[in-house]
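First the structure, in the form of structure tokens, and then the observations on it.
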Amino acid sequence: MTPLGVLLDGALGVLALTLVAALYRAFRGPTDADRAVAGDLVFFVFVGVVALLAVRQDAAFYFDVAVVATLLGFLGSVALARLVFRSGG
Amino acid sequence: MSPLDLLGGLLVVLGVGLMAAAGLGVLRLPDAYTRMSAVTKAASLGVVIVLLGALALSPSWNNLVKVTLAVALQLLTAPAGGFAIGRASYRAGAPLTPETGYDELARDGGGPTPSRTLR
């Protein structure tokens, strides 16, 4: 395995740990606002994972996924904000 | 290993580090607003740097166009999304940490409830 492959695998592992942190915060709360923040972090990490997979698997179409995921992440944040406001904290 | 690979690896490490910092902030910071701040700042810049690193590791004109688009969208929309979540949290009455120094929105009458502390 090349040094670059090791680096990419390590980076993906660190992002997986970040997802675990977001999952913990989504479970714990304590308010819906914290859960919305955790969801926002999941969107960001997803875009990062897709970008790393594009390099690791040498498949350029992942960059298309990254563009779409960026837009969807923004729409998701706004929708989550709306839900937080409706639910009252 | 070309210089471009070296640059890409460096950018990936830097960006993933920033996103890990956002994850640590989500775990450790005391209230929803500080967590939102950590996620929006660290993760949006982290995503941008990781995307640029991926571009440096697999350079082509197609990827350049897509990454430029994704980076521009990310930089434009991430602050707006974070602001929306923070504002909705405040208006929904999410508690502030007791360490909060000043609350200008409460002074201006922006909040729904008069006094709030961490549950």
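Letters for chains follow the order of the structure tokens (A, B, ...), residue numbers begin at 1 for each chain, and ligand numbers begin at 1 in the order shown.
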Check which residues of segment 5-46 of chain A sit at most 10 Å from segment 27-38 of chain B using only C-alpha atoms, and return one row each with the closest pair of atoms and their distance in Å to one decimal, ordered by chain and rising number, as a tab-separated table.
residue	atom	partner	partner_atom	distance
A:Thr18	CA	B:Leu27	CA	9.5
A:Val20	CA	B:Leu27	CA	9.9
A:Ala21	CA	B:Leu27	CA	6.1
A:Ala22	CA	B:Leu27	CA	7.6
A:Leu23	CA	B:Leu27	CA	9.8
A:Tyr24	CA	B:Leu27	CA	7.8
A:Arg25	CA	B:Leu27	CA	6.5
A:Arg28	CA	B:Leu27	CA	10.0
A:Gly29	CA	B:Ala32	CA	9.1
A:Pro30	CA	B:Ala32	CA	9.0
A:Thr31	CA	B:Ala32	CA	7.9
A:Asp32	CA	B:Ala32	CA	9.0
A:Ala33	CA	B:Ala32	CA	6.0
A:Asp34	CA	B:Ala32	CA	5.1
A:Arg35	CA	B:Ala32	CA	8.8
A:Ala36	CA	B:Met36	CA	8.9
A:Val37	CA	B:Met36	CA	5.6
A:Ala38	CA	B:Met36	CA	8.5
A:Asp40	CA	B:Met36	CA	8.6
A:Leu41	CA	B:Met36	CA	9.0
Write the residues you've just listed into a file as a PDB file, in the first residue's frame, and include N, CA and C atoms for each of them.
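Written output follows (again-v2.pdb):
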ATOM      1  N   THR A  18     -15.407  11.249  13.801  1.00  0.00           N
ATOM      2  CA  THR A  18     -16.180  12.490  13.891  1.00  0.00           C
ATOM      3  C   THR A  18     -17.676  12.204  13.781  1.00  0.00           C
ATOM      4  N   VAL A  20     -19.083   9.462  14.728  1.00  0.00           N
ATOM      5  CA  VAL A  20     -19.498   8.885  16.018  1.00  0.00           C
ATOM      6  C   VAL A  20     -19.782  10.005  17.021  1.00  0.00           C
ATOM      7  N   ALA A  21     -18.919  11.046  17.035  1.00  0.00           N
ATOM      8  CA  ALA A  21     -19.146  12.179  17.938  1.00  0.00           C
ATOM      9  C   ALA A  21     -20.491  12.840  17.641  1.00  0.00           C
ATOM     10  N   ALA A  22     -20.790  13.042  16.342  1.00  0.00           N
ATOM     11  CA  ALA A  22     -22.065  13.664  15.978  1.00  0.00           C
ATOM     12  C   ALA A  22     -23.237  12.777  16.407  1.00  0.00           C
ATOM     13  N   LEU A  23     -23.063  11.457  16.238  1.00  0.00           N
ATOM     14  CA  LEU A  23     -24.129  10.515  16.618  1.00  0.00           C
ATOM     15  C   LEU A  23     -24.393  10.586  18.116  1.00  0.00           C
ATOM     16  N   TYR A  24     -23.288  10.649  18.892  1.00  0.00           N
ATOM     17  CA  TYR A  24     -23.439  10.751  20.347  1.00  0.00           C
ATOM     18  C   TYR A  24     -24.219  12.007  20.707  1.00  0.00           C
ATOM     19  N   ARG A  25     -23.877  13.136  20.062  1.00  0.00           N
ATOM     20  CA  ARG A  25     -24.560  14.392  20.375  1.00  0.00           C
ATOM     21  C   ARG A  25     -26.025  14.318  19.952  1.00  0.00           C
ATOM     22  N   ARG A  28     -27.683  12.242  22.761  1.00  0.00           N
ATOM     23  CA  ARG A  28     -27.707  12.882  24.055  1.00  0.00           C
ATOM     24  C   ARG A  28     -28.573  14.142  24.079  1.00  0.00           C
ATOM     25  N   GLY A  29     -28.568  14.915  23.002  1.00  0.00           N
ATOM     26  CA  GLY A  29     -29.259  16.197  23.007  1.00  0.00           C
ATOM     27  C   GLY A  29     -28.426  17.246  23.692  1.00  0.00           C
ATOM     28  N   PRO A  30     -28.888  17.938  24.743  1.00  0.00           N
ATOM     29  CA  PRO A  30     -30.173  17.717  25.415  1.00  0.00           C
ATOM     30  C   PRO A  30     -31.349  18.413  24.708  1.00  0.00           C
ATOM     31  N   THR A  31     -31.097  19.356  23.811  1.00  0.00           N
ATOM     32  CA  THR A  31     -32.214  20.013  23.135  1.00  0.00           C
ATOM     33  C   THR A  31     -32.211  19.627  21.653  1.00  0.00           C
ATOM     34  N   ASP A  32     -33.320  19.952  20.970  1.00  0.00           N
ATOM     35  CA  ASP A  32     -33.396  19.690  19.536  1.00  0.00           C
ATOM     36  C   ASP A  32     -32.371  20.508  18.770  1.00  0.00           C
ATOM     37  N   ALA A  33     -31.990  21.697  19.328  1.00  0.00           N
ATOM     38  CA  ALA A  33     -30.982  22.510  18.661  1.00  0.00           C
ATOM     39  C   ALA A  33     -29.662  21.756  18.548  1.00  0.00           C
ATOM     40  N   ASP A  34     -29.280  21.029  19.625  1.00  0.00           N
ATOM     41  CA  ASP A  34     -28.045  20.248  19.576  1.00  0.00           C
ATOM     42  C   ASP A  34     -28.132  19.151  18.517  1.00  0.00           C
ATOM     43  N   ARG A  35     -29.315  18.565  18.385  1.00  0.00           N
ATOM     44  CA  ARG A  35     -29.476  17.506  17.377  1.00  0.00           C
ATOM     45  C   ARG A  35     -29.364  18.089  15.973  1.00  0.00           C
ATOM     46  N   ALA A  36     -29.901  19.295  15.775  1.00  0.00           N
ATOM     47  CA  ALA A  36     -29.778  19.935  14.465  1.00  0.00           C
ATOM     48  C   ALA A  36     -28.316  20.217  14.146  1.00  0.00           C
ATOM     49  N   VAL A  37     -27.557  20.670  15.158  1.00  0.00           N
ATOM     50  CA  VAL A  37     -26.128  20.931  14.953  1.00  0.00           C
ATOM     51  C   VAL A  37     -25.410  19.645  14.575  1.00  0.00           C
ATOM     52  N   ALA A  38     -25.761  18.539  15.255  1.00  0.00           N
ATOM     53  CA  ALA A  38     -25.138  17.255  14.937  1.00  0.00           C
ATOM     54  C   ALA A  38     -25.468  16.853  13.494  1.00  0.00           C
ATOM     55  N   ASP A  40     -26.064  18.858  11.011  1.00  0.00           N
ATOM     56  CA  ASP A  40     -25.267  19.727  10.157  1.00  0.00           C
ATOM     57  C   ASP A  40     -23.859  19.168  10.003  1.00  0.00           C
ATOM     58  N   LEU A  41     -23.273  18.737  11.125  1.00  0.00           N
ATOM     59  CA  LEU A  41     -21.913  18.167  11.085  1.00  0.00           C
ATOM     60  C   LEU A  41     -21.888  16.913  10.228  1.00  0.00           C
TER      61      LEU A  41
END
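With distances restricted to only C-alpha atoms, B:Ala92 is the closest residue to chain A from B:Val12, B:Ala92, B:Leu7, B:Ile49.
Summary of the local environment: counting only C-alpha atoms, residues at most 7 Å from segment 61-65 of chain A, other than itself and those fewer than 5 positions away along its chain, are Val50, Ala51 and Ala54 of chain A; Asn63, Lys66 and Val67 of chain B.
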Given a cut-off of 6 Å, which residues of chain B touch chain A, counting only C-alpha atoms, written out as a PDB file with C-alpha atoms, in the first residue's frame?
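Result written to out-v1.pdb:
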ATOM      1  CA  ALA B  20     -12.100  16.420  13.707  1.00  0.00           C
ATOM      2  CA  GLY B  23     -16.367  16.833  16.112  1.00  0.00           C
ATOM      3  CA  ALA B  32     -26.024  24.560  21.362  1.00  0.00           C
ATOM      4  CA  MET B  36     -23.049  25.419  16.220  1.00  0.00           C
ATOM      5  CA  VAL B  39     -19.388  23.023  13.443  1.00  0.00           C
ATOM      6  CA  VAL B  47     -14.679  20.612   3.794  1.00  0.00           C
ATOM      7  CA  LEU B  51     -12.062  19.247  -1.533  1.00  0.00           C
ATOM      8  CA  ALA B  54      -8.784  15.846  -3.385  1.00  0.00           C
ATOM      9  CA  ALA B  70     -18.579  22.808  -4.729  1.00  0.00           C
ATOM     10  CA  THR B  77     -24.159  28.440   1.976  1.00  0.00           C
ATOM     11  CA  GLY B  81     -27.082  27.476   7.235  1.00  0.00           C
ATOM     12  CA  ALA B  84     -30.314  29.815  10.382  1.00  0.00           C
ATOM     13  CA  ILE B  85     -29.767  27.038  12.924  1.00  0.00           C
ATOM     14  CA  ALA B  88     -33.881  29.137  15.211  1.00  0.00           C
ATOM     15  CA  SER B  89     -32.280  27.730  18.380  1.00  0.00           C
ATOM     16  CA  ALA B  92     -37.003  28.301  20.151  1.00  0.00           C
ATOM     17  CA  GLY B  93     -35.481  29.000  23.581  1.00  0.00           C
ATOM     18  CA  ALA B  94     -32.449  26.729  23.672  1.00  0.00           C
TER      19      ALA B  94
END
TODO: Per DSSP on the backbone, filter chain B down to the residues in helix (DSSP H, G or I) and report them as an MDAnalysis selection string.
DONE: chainID B and resid 3:28 32:57 61:92 104:107
Open item on the list: Just to confirm, what's the straight-line distance from atom CA of Gly46 of chain B to atom CA of Ala78 of chain B in Å (one decimal)?
Closed with: 11.4 Å
TODO: Quick one: pull the distance between atom CA of Leu10 of chain B and atom CA of Leu52 of chain B, Å, one decimal.
DONE: 10.5 Å
TODO: Mind giving me the straight-line distance from atom CA of Leu57 of chain B to atom CA of Asp5 of chain B in Å, one decimal?
DONE: 5.3 Å
Open item on the list: Between B:Ala72, B:Val50, B:Ala42, B:Met1, which residue has the minimum interatomic distance to Val13 of chain B, considering only C-alpha atoms?
Closed with: B:Val50
